[in-house]
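Asker: Let me give you the structure first, and then I'll get to my questions.
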Protein chains: 2
Amino acid sequence: MVANSKKGSNRDLAKALAGMADQVIASANKGRTPSMDIPVRSLANVSFNEKKRYIEMGSAKQQREFFNVNMAKKFMQTMLVAAACRQLEDEGKTTSIRDLFYMIKHRIDGSSENTVDEQTESDAVIEDLEVTAQFIREELNLFAENKGALAGEITLVDSGDTIDARAVGSGGWAIPSIVEDHVIKFKKCTAKFVLLVEKAAVWHRLNQDKYWKKHKCIVLHGGGQPPRGVRRLCWRFVNELKLPLYVYVDNDPWGYYIYSVVKQGSINLAFESQRMAVPSARFIGLSSFDPGTYGLDQKATAIGLDESDIRRAKEILAYPWFQSKAWQKEIHNMLANGVKYELEALTNKSISFVTEEYLPKKIKDKDWLD
Amino acid sequence: MVANSKKGSNRDLAKALAGMADQVIASANKGRTPSMDIPVRSLANVSFNEKKRYIEMGSAKQQREFFNVNMAKKFMQTMLVAAACRQLEDEGKTTSIRDLFYMIKHRIDGSSENTVDEQTESDAVIEDLEVTAQFIREELNLFAENKGALAGEITLVDSGDTIDARAVGSGGWAIPSIVEDHVIKFKKCTAKFVLLVEKAAVWHRLNQDKYWKKHKCIVLHGGGQPPRGVRRLCWRFVNELKLPLYVYVDNDPWGYYIYSVVKQGSINLAFESQRMAVPSARFIGLSSFDPGTYGLDQKATAIGLDESDIRRAKEILAYPWFQSKAWQKEIHNMLANGVKYELEALTNKSISFVTEEYLPKKIKDKDWLD
């Protein structure tokens, strides 16, 4: 896995992009139509790999040709995006996908057409380039919006600055979108596990109670569905530091789904699974059995499932990666009870119930789902 | 202003909340109906103070009585919220407003009623308590969702941890929701000004280029409309460290509005203006005149105003605090051109145009609006 990450690191990006351009030039010199083979990113080319335990992309490809009225514009856009990424690499800079859109947006000489009109066009080309050049967008020096924060038993070097995550205050270290090893390096790690929390508010409780200090771990959140930077960072903790990862989410179908994206990847971003999915991730809660086990006041804290919850739960029940007995039991129990619970529901017991009782007992009892 | 901030600091919170409870007990002992005077939070009780240059709340109050069928529940909720805030204060903890909702949510003995059913109920009571007890919610130990990050020429102490904002890496220091001086203390500040940027992506460019180092400043963003923590932190920079504040937003009516909330406060949160509004804040851009001044490729970067933009721009034109000649000219120019510009449009010139040319020239030429 680490070798895989090296292969995709920024070391070869300039070369890989130049290689793409060289192919086009070579075709032109031979009098052939310049073309590229681009892997197909549709649902038909995505499947769940039972052995690797993540969602991956198949091998189907489609050709993009320059001398084809339907493809010429997209071909040009692909070249523009590749050239912009090469420029970023050469200048040692990173930028947002919105910025990239503006970087390549120009009026085409002698026409009333722009190279791109909407960001959706450049975004699609970025995804093409990711799968074609085999670099995830963070390696192409492009960042998405970042969310999430981290505190705990690790020292990191972020762009040359040493960050001791044991002393990052109440705010924590803001997790950047790009966490590749040329940006973020791991130094002294004294953590025994990583806890990924769905919600910022719960992370604050854990940080304020210094849960990570008492239990020797790293605690991070992704502000809901974790963004790519947070997922990629978790991947690196698991694969490079060999730490187990626990995921702590609301007890509702959306919480289950957040866990499943961390674990198996997503259909939309199947290409990235090999660098983002963490098949060993464990679901530590909230389980639909927790309110009973932990004596929660269910009348005060349960929220009725609505129609969209029920529909989503049934969809999740059918996913190949939720077919274990334990998971079927977990989801069926939620549906049978007809209620869901938020992480904050534990506050009804006491302010620090989550750090003082719930999480310690969960981990001690190994009361999680794989 | 600083004295004001001290008055509202957490030092007296326990006493203030106990005082509220004592009044209720005293009334009961005298055989009177327990009641509270709560300032009115409606639009009718809000106005723009021309002298102070911010939106403030008037002095109208309404009585909340315990022995009144329409008020009894809200009275009880107010007491519950006050008691929970007192508990947080006693335990030295802070929590989210969602958590607070769960803290006080219980089935009322011998009934089928809950103390609160929806978070909107406890949120409204929190606002009542803020205006009645004269503590903003951050002082009541309650946080909202946090957004935003900071880097630059200052050392802070956050909950006992020293944060040198000159070495916070690519992610930056995540700005917490509660930045009161018992949580965040200012240490060595070598900044000459503060630059608040609307968008995270632009902040990243400034941080990556170490704009703050070259130009001796603090650069922070609030992820769109800045959350309370970011506004309060700016307030403290301006009032305690005497730094000028520049606001850098998209050139559209929403950007103008973000600036105006930072400067004058908002109608919804008029009570908080005295601790959040920064009447000296300067609008540094994007101005509707900038694309011309800076030779932007307007064909490639302008975005047409849509109907909601035009409607909003006209509303803003009519606000009392946008009546200066310069502001009228600024907004009329946008409307006349019929286009808006995003901050990222500057990338069309070059990746680092914003840090190397635009901002340095703007500040050198004092080309801002008050």
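Chain labels A, B, ... are given in the sequence in which chains occur in the structure tokens; within each chain residues are numbered consecutively from 1, and ligands are likewise numbered from 1 in the order shown.
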Might you pull out every residue within 10 Å of Leu241 of chain A, with only C-alpha atoms counted and same-chain residues fewer than 5 positions away left off, and present them as a PyMOL selection string?

Answerer: chain A and resi 186+189+191-193+235-236

Asker: Could you write out that same residue set with N, CA and C atoms as an mmCIF file, in the first residue's frame?

Answerer:
```cif
data_model
loop_
_atom_site.group_PDB
_atom_site.id
_atom_site.type_symbol
_atom_site.label_atom_id
_atom_site.label_comp_id
_atom_site.auth_asym_id
_atom_site.auth_seq_id
_atom_site.Cartn_x
_atom_site.Cartn_y
_atom_site.Cartn_z
ATOM 1 N N PHE A 186 4.841 12.757 9.240
ATOM 2 C CA PHE A 186 4.565 12.295 10.601
ATOM 3 C C PHE A 186 5.867 12.224 11.380
ATOM 4 N N CYS A 189 4.871 9.868 17.112
ATOM 5 C CA CYS A 189 3.483 9.447 17.340
ATOM 6 C C CYS A 189 3.423 8.565 18.575
ATOM 7 N N ALA A 191 0.319 7.768 19.792
ATOM 8 C CA ALA A 191 -1.085 7.333 19.792
ATOM 9 C C ALA A 191 -1.175 5.833 19.563
ATOM 10 N N LYS A 192 -2.178 5.226 20.188
ATOM 11 C CA LYS A 192 -2.417 3.797 19.974
ATOM 12 C C LYS A 192 -3.574 3.549 19.019
ATOM 13 N N PHE A 193 -4.384 4.574 18.821
ATOM 14 C CA PHE A 193 -5.476 4.444 17.859
ATOM 15 C C PHE A 193 -5.926 5.823 17.391
ATOM 16 N N TRP A 235 -6.268 7.391 6.172
ATOM 17 C CA TRP A 235 -5.620 6.323 5.405
ATOM 18 C C TRP A 235 -4.136 6.264 5.750
ATOM 19 N N ARG A 236 -3.511 7.415 5.805
ATOM 20 C CA ARG A 236 -2.071 7.439 6.104
ATOM 21 C C ARG A 236 -1.793 6.985 7.542
#
```

Asker: Give as a PyMOL selection string every residue of chain A that touches chain B within 6 Å, counting only C-alpha atoms.

Answerer: chain A and resi 96+99+102-103+106+158-159+161+167+169+171-176+201+300+344-345+347-348

Asker: Taking into account only C-alpha atoms, which residue in the set A:Met79, A:Gly58, A:Ile136, A:Asp123 is nearest to Gln23 of chain A?

Answerer: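 Counting only C-alpha atoms, the residue closest to Gln23 of chain A is A:Met79.
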
Asker: Let me make sure I understand: among B:Asn49, B:Asn251, B:Ser35, B:Thr355, which one has the smallest atom-to-atom distance to Asn207 of chain B if we use only C-alpha atoms?

Answerer: B:Thr355

Asker: Env of Leu129 of chain A: 9 Å cut, atoms = only C-alpha atoms, seq-sep filter 5 positions within chain, self excluded. Answer as a list in words.

Answerer: Ile38, Thr78, Val81, Ala82, Ala124, Gln134, Phe135, Ile136, Arg137 and Leu140 of chain A

Asker: Where does DSSP see strand (DSSP E) in segment 140-335 of chain B, if you list the residues as a ChimeraX atom specification?

Answerer: /B:142-143,149-152,154-158,161-164,173-174,184-189,193-197,217-221,245-248,282-285,303-304

Asker: Would you pick out the contacts of Val24 of chain A at 9 Å or less, using only C-alpha atoms, so that residues sharing its chain but fewer than 2 positions from it are not included, and give the list as a list of chain:residue names?

Answerer: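 Counting only C-alpha atoms, the residues come to A:Gly19, A:Met20, A:Ala21, A:Asp22, A:Ala26, A:Ser27, A:Ala28, A:Asn29, A:Thr33, A:Pro34, A:Ser35, A:Met36.
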
Asker: Generate a file of the selected residues that holds C-alpha atoms, formatted as a PDB file, in the first residue's frame.

Answerer:
```pdb
ATOM      1  CA  GLY A  19       4.546  12.302 -21.060  1.00  0.00           C
ATOM      2  CA  MET A  20       0.888  12.918 -21.892  1.00  0.00           C
ATOM      3  CA  ALA A  21       1.854  15.945 -23.942  1.00  0.00           C
ATOM      4  CA  ASP A  22       4.674  14.031 -25.651  1.00  0.00           C
ATOM      5  CA  ALA A  26       4.283  12.166 -31.299  1.00  0.00           C
ATOM      6  CA  SER A  27       0.877  11.368 -32.819  1.00  0.00           C
ATOM      7  CA  ALA A  28       0.798  14.719 -34.580  1.00  0.00           C
ATOM      8  CA  ASN A  29       4.310  14.235 -35.958  1.00  0.00           C
ATOM      9  CA  THR A  33      -5.033  11.992 -34.726  1.00  0.00           C
ATOM     10  CA  PRO A  34      -3.842  12.974 -31.250  1.00  0.00           C
ATOM     11  CA  SER A  35      -5.833  10.977 -28.719  1.00  0.00           C
ATOM     12  CA  MET A  36      -5.927   9.865 -25.094  1.00  0.00           C
TER      13      MET A  36
END
```

Asker: Please indicate the distance in Å from atom CA of His182 of chain B to atom CA of Asp128 of chain B, rounded to one decimal place.

Answerer: 23.4 Å

Asker: Using Å and a single decimal, report how far atom CA of Cys217 of chain A sits from atom CA of Ile331 of chain A.

Answerer: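 Answer for the atom CA of Ile331 of chain A to atom CA of Cys217 of chain A separation: 28.6 Å.
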
Asker: Using only C-alpha atoms for the distances, tell me which of B:Leu142, B:Met276, B:Ala60, B:Val125 is nearest to Leu80 of chain B.

Answerer: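 Once distances to Leu80 of chain B are computed over only C-alpha atoms, the minimum belongs to B:Val125.
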
Asker: Return the single residue from B:Trp212, B:Tyr54, B:Phe237, B:Tyr246 that is closest to Gly265 of chain B, with distances computed using only C-alpha atoms.

Answerer: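 Among B:Trp212, B:Tyr54, B:Phe237, B:Tyr246, it is B:Tyr54 that comes nearest to Gly265 of chain B.
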
Asker: Have a look at A:Glu89, A:Ala18, A:Asn68, A:Glu127 and name the one nearest to Ala270 of chain A; count only C-alpha atoms.

Answerer: A:Glu127

Asker: Give the alpha helix (DSSP H) residues of segment 42-184 of chain B, as DSSP finds them on the backbone, and put them as a VMD selection string.

Answerer: chain B and resid 72 to 91 97 to 104 119 to 133

Asker: Emit the selected residues as a PDB file, in the first residue's frame, including C-alpha atoms.

Answerer:
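Once written, selection27.pdb looks like this:
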```pdb
ATOM      1  CA  ALA B  72     -45.018  29.114  32.267  1.00  0.00           C
ATOM      2  CA  LYS B  73     -43.246  26.706  29.917  1.00  0.00           C
ATOM      3  CA  LYS B  74     -40.877  29.326  28.593  1.00  0.00           C
ATOM      4  CA  PHE B  75     -40.220  30.491  32.127  1.00  0.00           C
ATOM      5  CA  MET B  76     -39.266  26.961  33.118  1.00  0.00           C
ATOM      6  CA  GLN B  77     -37.083  26.602  30.013  1.00  0.00           C
ATOM      7  CA  THR B  78     -35.288  29.830  30.865  1.00  0.00           C
ATOM      8  CA  MET B  79     -34.518  28.511  34.339  1.00  0.00           C
ATOM      9  CA  LEU B  80     -33.316  25.187  32.907  1.00  0.00           C
ATOM     10  CA  VAL B  81     -30.993  26.877  30.414  1.00  0.00           C
ATOM     11  CA  ALA B  82     -29.666  29.215  33.110  1.00  0.00           C
ATOM     12  CA  ALA B  83     -29.047  26.246  35.421  1.00  0.00           C
ATOM     13  CA  ALA B  84     -27.248  24.323  32.654  1.00  0.00           C
ATOM     14  CA  CYS B  85     -25.029  27.327  31.905  1.00  0.00           C
ATOM     15  CA  ARG B  86     -24.253  27.632  35.586  1.00  0.00           C
ATOM     16  CA  GLN B  87     -23.299  23.936  35.651  1.00  0.00           C
ATOM     17  CA  LEU B  88     -20.976  24.418  32.646  1.00  0.00           C
ATOM     18  CA  GLU B  89     -19.394  27.394  34.405  1.00  0.00           C
ATOM     19  CA  ASP B  90     -18.916  25.439  37.629  1.00  0.00           C
ATOM     20  CA  GLU B  91     -17.352  22.500  35.791  1.00  0.00           C
ATOM     21  CA  ILE B  97     -26.188  24.576  21.661  1.00  0.00           C
ATOM     22  CA  ARG B  98     -27.299  21.131  20.422  1.00  0.00           C
ATOM     23  CA  ASP B  99     -25.755  19.548  23.510  1.00  0.00           C
ATOM     24  CA  LEU B 100     -27.465  22.107  25.715  1.00  0.00           C
ATOM     25  CA  PHE B 101     -30.770  21.126  24.171  1.00  0.00           C
ATOM     26  CA  TYR B 102     -30.137  17.507  25.192  1.00  0.00           C
ATOM     27  CA  MET B 103     -28.891  18.557  28.643  1.00  0.00           C
ATOM     28  CA  ILE B 104     -32.214  20.142  29.506  1.00  0.00           C
ATOM     29  CA  GLN B 119     -33.806  22.877  19.588  1.00  0.00           C
ATOM     30  CA  THR B 120     -35.420  26.076  18.318  1.00  0.00           C
ATOM     31  CA  GLU B 121     -37.023  26.361  21.776  1.00  0.00           C
ATOM     32  CA  SER B 122     -33.746  26.211  23.707  1.00  0.00           C
ATOM     33  CA  ASP B 123     -32.008  28.410  21.122  1.00  0.00           C
ATOM     34  CA  ALA B 124     -34.622  31.141  21.587  1.00  0.00           C
ATOM     35  CA  VAL B 125     -34.199  30.927  25.343  1.00  0.00           C
ATOM     36  CA  ILE B 126     -30.420  31.195  24.971  1.00  0.00           C
ATOM     37  CA  GLU B 127     -30.938  34.452  23.076  1.00  0.00           C
ATOM     38  CA  ASP B 128     -33.284  35.669  25.802  1.00  0.00           C
ATOM     39  CA  LEU B 129     -30.699  34.829  28.410  1.00  0.00           C
ATOM     40  CA  GLU B 130     -27.968  36.605  26.465  1.00  0.00           C
ATOM     41  CA  VAL B 131     -29.877  39.866  26.372  1.00  0.00           C
ATOM     42  CA  THR B 132     -31.258  39.547  29.909  1.00  0.00           C
ATOM     43  CA  ALA B 133     -28.088  38.543  31.721  1.00  0.00           C
TER      44      ALA B 133
END
```

Asker: Enter the distance from atom CA of Asp290 of chain B to atom CA of Gly110 of chain A, in Å, rounded to one decimal.

Answerer: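 Separation of atom CA of Asp290 of chain B and atom CA of Gly110 of chain A: 26.4 Å.
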
Asker: Show me, as a PDB file with C-alpha atoms, in the first residue's frame, the residues that have an atom within 12 Å of segment 324-326 of chain A when counting only C-alpha atoms, minus same-chain residues fewer than 2 positions from it.

Answerer:
```pdb
ATOM      1  CA  PHE A 283     -17.758   1.373  13.656  1.00  0.00           C
ATOM      2  CA  SER A 287     -25.137   1.591  17.655  1.00  0.00           C
ATOM      3  CA  SER A 288     -28.884   1.160  17.669  1.00  0.00           C
ATOM      4  CA  PHE A 289     -28.290  -1.079  20.708  1.00  0.00           C
ATOM      5  CA  LEU A 317     -29.190  -2.969   4.127  1.00  0.00           C
ATOM      6  CA  ALA A 318     -28.772  -4.118   0.517  1.00  0.00           C
ATOM      7  CA  TYR A 319     -25.182  -2.907  -0.002  1.00  0.00           C
ATOM      8  CA  PRO A 320     -22.764  -5.835  -0.488  1.00  0.00           C
ATOM      9  CA  TRP A 321     -20.498  -4.458   2.235  1.00  0.00           C
ATOM     10  CA  PHE A 322     -23.236  -4.434   4.877  1.00  0.00           C
ATOM     11  CA  GLN A 328     -27.888  -6.715   9.294  1.00  0.00           C
ATOM     12  CA  LYS A 329     -28.854  -7.000  12.969  1.00  0.00           C
ATOM     13  CA  GLU A 330     -27.694  -3.449  13.641  1.00  0.00           C
ATOM     14  CA  ILE A 331     -29.717  -1.896  10.836  1.00  0.00           C
ATOM     15  CA  HIS A 332     -32.779  -4.087  11.356  1.00  0.00           C
ATOM     16  CA  ASN A 333     -32.810  -3.074  15.008  1.00  0.00           C
ATOM     17  CA  ASP A 367     -18.006  -3.407  21.319  1.00  0.00           C
ATOM     18  CA  TRP A 368     -17.630  -2.339  17.704  1.00  0.00           C
ATOM     19  CA  LEU A 369     -18.637  -3.530  14.256  1.00  0.00           C
ATOM     20  CA  ASP A 370     -16.163  -4.306  11.480  1.00  0.00           C
TER      21      ASP A 370
END
```
